[in-house]
Amino acid sequence: MSGFAPAWLDLRESVDHRSRNRKLERALAKHFDGWRPVTVVDLGCGTGSNLRATSPLLGPEQQWTLVDHDQALLKAAAQRLAAWADGADRQGGTLALFKGAKRINVEFRRADLAGDLEGALGPNANLVTASALFDLASPEFIARLAAAVAARKSAFYTVLTYDGDQRWTPEHEADAALVAAFNAHQRRDKGFGAAAGPDAPDALSEAFAAAGYAVQEGDSAWRLGAGDEALISALAAGFADAVQETSQVDAQTVLAWRSSPRTGAVVGHSDTLALGLNG
Ligand SMILES: C[S@@+](CC[C@H](N)C(=O)[O-])C[C@H]1O[C@@H](n2cnc3c(N)ncnc32)[C@H](O)[C@@H]1O
C-alpha cells in the first residue's frame, strides 16, 4: 500500500483533468503530431488517470507502461482502464485498449522509483510522463530523473505538481498558519528523501533546463466551488490531518478550523513540458 486510496484518486480525477493547462496540452499534441506509434512511460500511475487524460493528445497507436510501487493500485488501474475503454482485450501481460480510433497497449510495471529509477523507466520511451507525483520527490531525485530522461532522449510532461499556494473560501483567521504548517509537512520524506514539496515545479524546470531541454510551465490550479463539495470536504480533512501531524499549530486552532464551513478552495499546481532542443 502506498497510502493513496483509489477512492481519493477517483474523487480528484475529474478536477485534475479539467485543471490541466490547455496550452501545454496543445504543445504536447503538436510535438507528437504524426508519430505512430508513440511509446510512453507513466511514473506513479495510481489508477491510470494520466493515461485517460493524456492519450487523447497522442496518435492512433500508443504503447504505455504504467509504473507504480503499489500492486493494488496497478490492479485497480487495469480494471478502471478496461471500463473506460470502448473495448479491452488481455493479451498475456498486455492490456489492449480500444478507445475511439485509438489502440492503446498497456503494460504494468511494479517498481520503486526511488530505489530503481532505471528499471522503472525501462530502456527507452518517446515520452516520460507523470501526474501529481513530483511534490513527493526530493530535488536530488528530480535531478537524477532529468539526467535519466535526457540519456534516453525522451520528451517529458508532468501535470498537477503542487506549488504551495492554498486559499480557502470563506477565509479563516488561521488559514495562513495552517498553510505554512501544511507546506512544512509537504517537505517531509515521502520515500525519496526530504521532499521538494512546494518547490517541486521550480526543481523540475531547473533540472530539465540543466539537462538541455526547452522547458514550458503552465498553471493548473484546482479552482473548487459549487459541485466540488465532496472533494473540498476530503481535501480540508486531509489538510487538517497533515497540519496536526506537524504540531506547528495548536490543537484547539486546528479543531476550530476543521469545524468551520468551507465552500471553495484554490490549490496551486503547475504543469511542466520539457522537449529536447533537437526535436
Ligand atoms: C498522488 S498519487 C497520483 C496517482 C496518479 N498519477 C494520478 O494522477 O491520479 C501518487 C502516486 O505515486 C505513487 N508513488 C509514490 N511513491 C512512489 C515510488 N517510490 N515508486 C513508485 N510509485 C510511487 C503512489 O503509489 C501513487 O500512485
# chains A, B, ... in the order shown; residues from 1 in each chain; ligands from 1
>>> select_by_dssp(residues="segment 128-187 of chain A", states="alpha helix (DSSP H)", output="ChimeraX atom specification")
/A:139-151,175-186
>>> select_by_dssp(residues="segment 37-219 of chain A", states="strand (DSSP E or B)", output="number ranges by chain")
A: 38-43, 61-68, 87-91, 94-99, 102-110, 127-131, 155-169, 189, 194, 213-219
>>> closest_residue(among="A:Gly34, A:Gly100, A:Asp116, A:Glu61", to="ligand 1", atoms="only C-alpha atoms and all ligand atoms")
A:Asp116
>>> residues_around(residues="Ser220 of chain A", least_positions_apart="3", cutoff="6 Å", atoms="only C-alpha atoms", output="list in words")
Ser19, Arg20, Asn21, His269 and Ser270 of chain A
>>> residues_near_ligand(ligand="ligand 1", cutoff="6 Å", atoms="only C-alpha atoms and all ligand atoms", output="PyMOL selection string")
chain A and resi 2+4+9+44-46+49-50+68-70+111-114+130-133+191
>>> residues_around(residues="Val267 of chain A", least_positions_apart="6", cutoff="8 Å", atoms="only C-alpha atoms", output="list in words")
Tyr162, Gly164, Asp165, Gln166, Arg167, Ala221, Trp222 and Arg223 of chain A
>>> write_last_selection(atoms="N, CA, C and O atoms", output="PDB file, in the first residue's frame")
ATOM      1  N   TYR A 162       2.052  20.235  -7.051  1.00  0.00           N
ATOM      2  CA  TYR A 162       1.623  21.223  -6.045  1.00  0.00           C
ATOM      3  C   TYR A 162       2.678  22.323  -5.910  1.00  0.00           C
ATOM      4  O   TYR A 162       3.876  22.031  -5.831  1.00  0.00           O
ATOM      5  N   GLY A 164       2.362  25.078  -3.513  1.00  0.00           N
ATOM      6  CA  GLY A 164       2.397  25.749  -2.208  1.00  0.00           C
ATOM      7  C   GLY A 164       1.289  26.755  -1.986  1.00  0.00           C
ATOM      8  O   GLY A 164       1.069  27.206  -0.858  1.00  0.00           O
ATOM      9  N   ASP A 165       0.586  27.148  -3.046  1.00  0.00           N
ATOM     10  CA  ASP A 165      -0.491  28.140  -2.900  1.00  0.00           C
ATOM     11  C   ASP A 165      -1.768  27.419  -2.488  1.00  0.00           C
ATOM     12  O   ASP A 165      -2.160  26.425  -3.118  1.00  0.00           O
ATOM     13  N   GLN A 166      -2.404  27.886  -1.445  1.00  0.00           N
ATOM     14  CA  GLN A 166      -3.637  27.246  -0.981  1.00  0.00           C
ATOM     15  C   GLN A 166      -4.519  28.318  -0.346  1.00  0.00           C
ATOM     16  O   GLN A 166      -4.133  28.962   0.609  1.00  0.00           O
ATOM     17  N   ARG A 167      -5.710  28.533  -0.924  1.00  0.00           N
ATOM     18  CA  ARG A 167      -6.622  29.566  -0.399  1.00  0.00           C
ATOM     19  C   ARG A 167      -8.008  28.985  -0.221  1.00  0.00           C
ATOM     20  O   ARG A 167      -8.514  28.321  -1.124  1.00  0.00           O
ATOM     21  N   ALA A 221      -3.947  25.117 -11.472  1.00  0.00           N
ATOM     22  CA  ALA A 221      -4.541  25.161 -10.117  1.00  0.00           C
ATOM     23  C   ALA A 221      -5.917  24.504 -10.108  1.00  0.00           C
ATOM     24  O   ALA A 221      -6.663  24.605 -11.079  1.00  0.00           O
ATOM     25  N   TRP A 222      -6.210  23.849  -8.996  1.00  0.00           N
ATOM     26  CA  TRP A 222      -7.599  23.433  -8.756  1.00  0.00           C
ATOM     27  C   TRP A 222      -8.363  24.689  -8.344  1.00  0.00           C
ATOM     28  O   TRP A 222      -7.924  25.410  -7.426  1.00  0.00           O
ATOM     29  N   ARG A 223      -9.498  24.922  -8.951  1.00  0.00           N
ATOM     30  CA  ARG A 223     -10.400  26.007  -8.524  1.00  0.00           C
ATOM     31  C   ARG A 223     -11.709  25.339  -8.148  1.00  0.00           C
ATOM     32  O   ARG A 223     -12.488  24.969  -9.018  1.00  0.00           O
TER      33      ARG A 223
END
>>> residues_around(residues="Ala146 of chain A", least_positions_apart="3", cutoff="8 Å", atoms="only C-alpha atoms", output="PyMOL selection string")
chain A and resi 142-143+149-150+204+207-208+211
>>> write_last_selection(atoms="all heavy atoms", output="PDB file, in the first residue's frame")
ATOM      1  N   ILE A 142      14.719  14.467  -8.524  1.00  0.00           N
ATOM      2  CA  ILE A 142      14.267  15.152  -9.742  1.00  0.00           C
ATOM      3  C   ILE A 142      15.466  15.389 -10.682  1.00  0.00           C
ATOM      4  O   ILE A 142      15.350  15.192 -11.900  1.00  0.00           O
ATOM      5  CB  ILE A 142      13.543  16.473  -9.373  1.00  0.00           C
ATOM      6  CG1 ILE A 142      12.188  16.130  -8.723  1.00  0.00           C
ATOM      7  CG2 ILE A 142      13.352  17.368 -10.584  1.00  0.00           C
ATOM      8  CD1 ILE A 142      11.450  17.306  -8.104  1.00  0.00           C
ATOM      9  N   ALA A 143      16.611  15.753 -10.125  1.00  0.00           N
ATOM     10  CA  ALA A 143      17.809  15.961 -10.958  1.00  0.00           C
ATOM     11  C   ALA A 143      18.256  14.635 -11.586  1.00  0.00           C
ATOM     12  O   ALA A 143      18.636  14.578 -12.771  1.00  0.00           O
ATOM     13  CB  ALA A 143      18.933  16.551 -10.112  1.00  0.00           C
ATOM     14  N   VAL A 149      16.152  10.770 -18.089  1.00  0.00           N
ATOM     15  CA  VAL A 149      15.246  11.037 -19.219  1.00  0.00           C
ATOM     16  C   VAL A 149      16.063  11.573 -20.405  1.00  0.00           C
ATOM     17  O   VAL A 149      15.864  11.173 -21.564  1.00  0.00           O
ATOM     18  CB  VAL A 149      14.127  12.023 -18.796  1.00  0.00           C
ATOM     19  CG1 VAL A 149      13.318  12.491 -19.994  1.00  0.00           C
ATOM     20  CG2 VAL A 149      13.208  11.373 -17.761  1.00  0.00           C
ATOM     21  N   ALA A 150      17.024  12.455 -20.103  1.00  0.00           N
ATOM     22  CA  ALA A 150      17.866  13.027 -21.164  1.00  0.00           C
ATOM     23  C   ALA A 150      18.711  11.938 -21.822  1.00  0.00           C
ATOM     24  O   ALA A 150      18.891  11.943 -23.051  1.00  0.00           O
ATOM     25  CB  ALA A 150      18.759  14.120 -20.587  1.00  0.00           C
ATOM     26  N   LEU A 204      11.799  21.009 -11.068  1.00  0.00           N
ATOM     27  CA  LEU A 204      11.627  20.326 -12.360  1.00  0.00           C
ATOM     28  C   LEU A 204      12.164  21.199 -13.496  1.00  0.00           C
ATOM     29  O   LEU A 204      12.923  20.725 -14.359  1.00  0.00           O
ATOM     30  CB  LEU A 204      10.144  20.027 -12.609  1.00  0.00           C
ATOM     31  CG  LEU A 204       9.556  18.874 -11.800  1.00  0.00           C
ATOM     32  CD1 LEU A 204       8.028  18.935 -11.808  1.00  0.00           C
ATOM     33  CD2 LEU A 204      10.022  17.517 -12.343  1.00  0.00           C
ATOM     34  N   ALA A 207      16.002  21.401 -13.331  1.00  0.00           N
ATOM     35  CA  ALA A 207      16.687  20.140 -13.649  1.00  0.00           C
ATOM     36  C   ALA A 207      16.609  19.846 -15.150  1.00  0.00           C
ATOM     37  O   ALA A 207      17.607  19.424 -15.765  1.00  0.00           O
ATOM     38  CB  ALA A 207      16.071  18.997 -12.851  1.00  0.00           C
ATOM     39  N   PHE A 208      15.452  20.077 -15.762  1.00  0.00           N
ATOM     40  CA  PHE A 208      15.342  19.765 -17.197  1.00  0.00           C
ATOM     41  C   PHE A 208      16.064  20.804 -18.058  1.00  0.00           C
ATOM     42  O   PHE A 208      16.638  20.454 -19.095  1.00  0.00           O
ATOM     43  CB  PHE A 208      13.871  19.551 -17.600  1.00  0.00           C
ATOM     44  CG  PHE A 208      13.434  18.150 -17.267  1.00  0.00           C
ATOM     45  CD1 PHE A 208      12.885  17.853 -16.031  1.00  0.00           C
ATOM     46  CD2 PHE A 208      13.653  17.105 -18.162  1.00  0.00           C
ATOM     47  CE1 PHE A 208      12.530  16.551 -15.697  1.00  0.00           C
ATOM     48  CE2 PHE A 208      13.307  15.796 -17.835  1.00  0.00           C
ATOM     49  CZ  PHE A 208      12.741  15.519 -16.600  1.00  0.00           C
ATOM     50  N   ALA A 211      19.552  19.798 -18.027  1.00  0.00           N
ATOM     51  CA  ALA A 211      19.796  18.589 -18.833  1.00  0.00           C
ATOM     52  C   ALA A 211      19.660  18.891 -20.333  1.00  0.00           C
ATOM     53  O   ALA A 211      19.716  17.978 -21.156  1.00  0.00           O
ATOM     54  CB  ALA A 211      18.818  17.491 -18.416  1.00  0.00           C
TER      55      ALA A 211
END
>>> residues_around(residues="Gln63 of chain A", least_positions_apart="2", cutoff="12 Å", atoms="only C-alpha atoms", output="JSON, numbers by chain")
{"A": [35, 36, 37, 38, 39, 40, 41, 42, 51, 55, 58, 59, 60, 61, 65, 66, 94, 95, 96, 97, 102, 103, 104, 105, 106, 107, 108, 124, 125, 126, 127, 128]}
>>> atom_distance(atom1="atom CA of Val254 of chain A", atom2="atom CA of Val266 of chain A")
19.4 Å
>>> closest_residue(among="A:Gln62, A:Ala240, A:Gly122, A:Thr272", to="Ser205 of chain A", atoms="only C-alpha atoms")
A:Thr272
>>> closest_residue(among="A:Gln71, A:Ser14, A:Ser259, A:Ser154", to="Arg52 of chain A", atoms="only C-alpha atoms")
A:Ser14
>>> residues_around(residues="segment 225-232 of chain A", least_positions_apart="3", cutoff="7 Å", atoms="only C-alpha atoms", output="list of chain:residue names")
A:Leu11, A:Arg12, A:Leu235, A:Ala236, A:Thr263, A:Gly264, A:Ala265
>>> atom_distance(atom1="atom CA of Asp163 of chain A", atom2="atom CA of Ala234 of chain A")
19.3 Å
>>> atom_distance(atom1="atom CA of Pro201 of chain A", atom2="atom CA of Tyr157 of chain A")
11.9 Å
>>> closest_residue(among="A:Ala85, A:Thr253, A:Arg110, A:Gly93", to="Glu173 of chain A", atoms="only C-alpha atoms")
A:Thr253
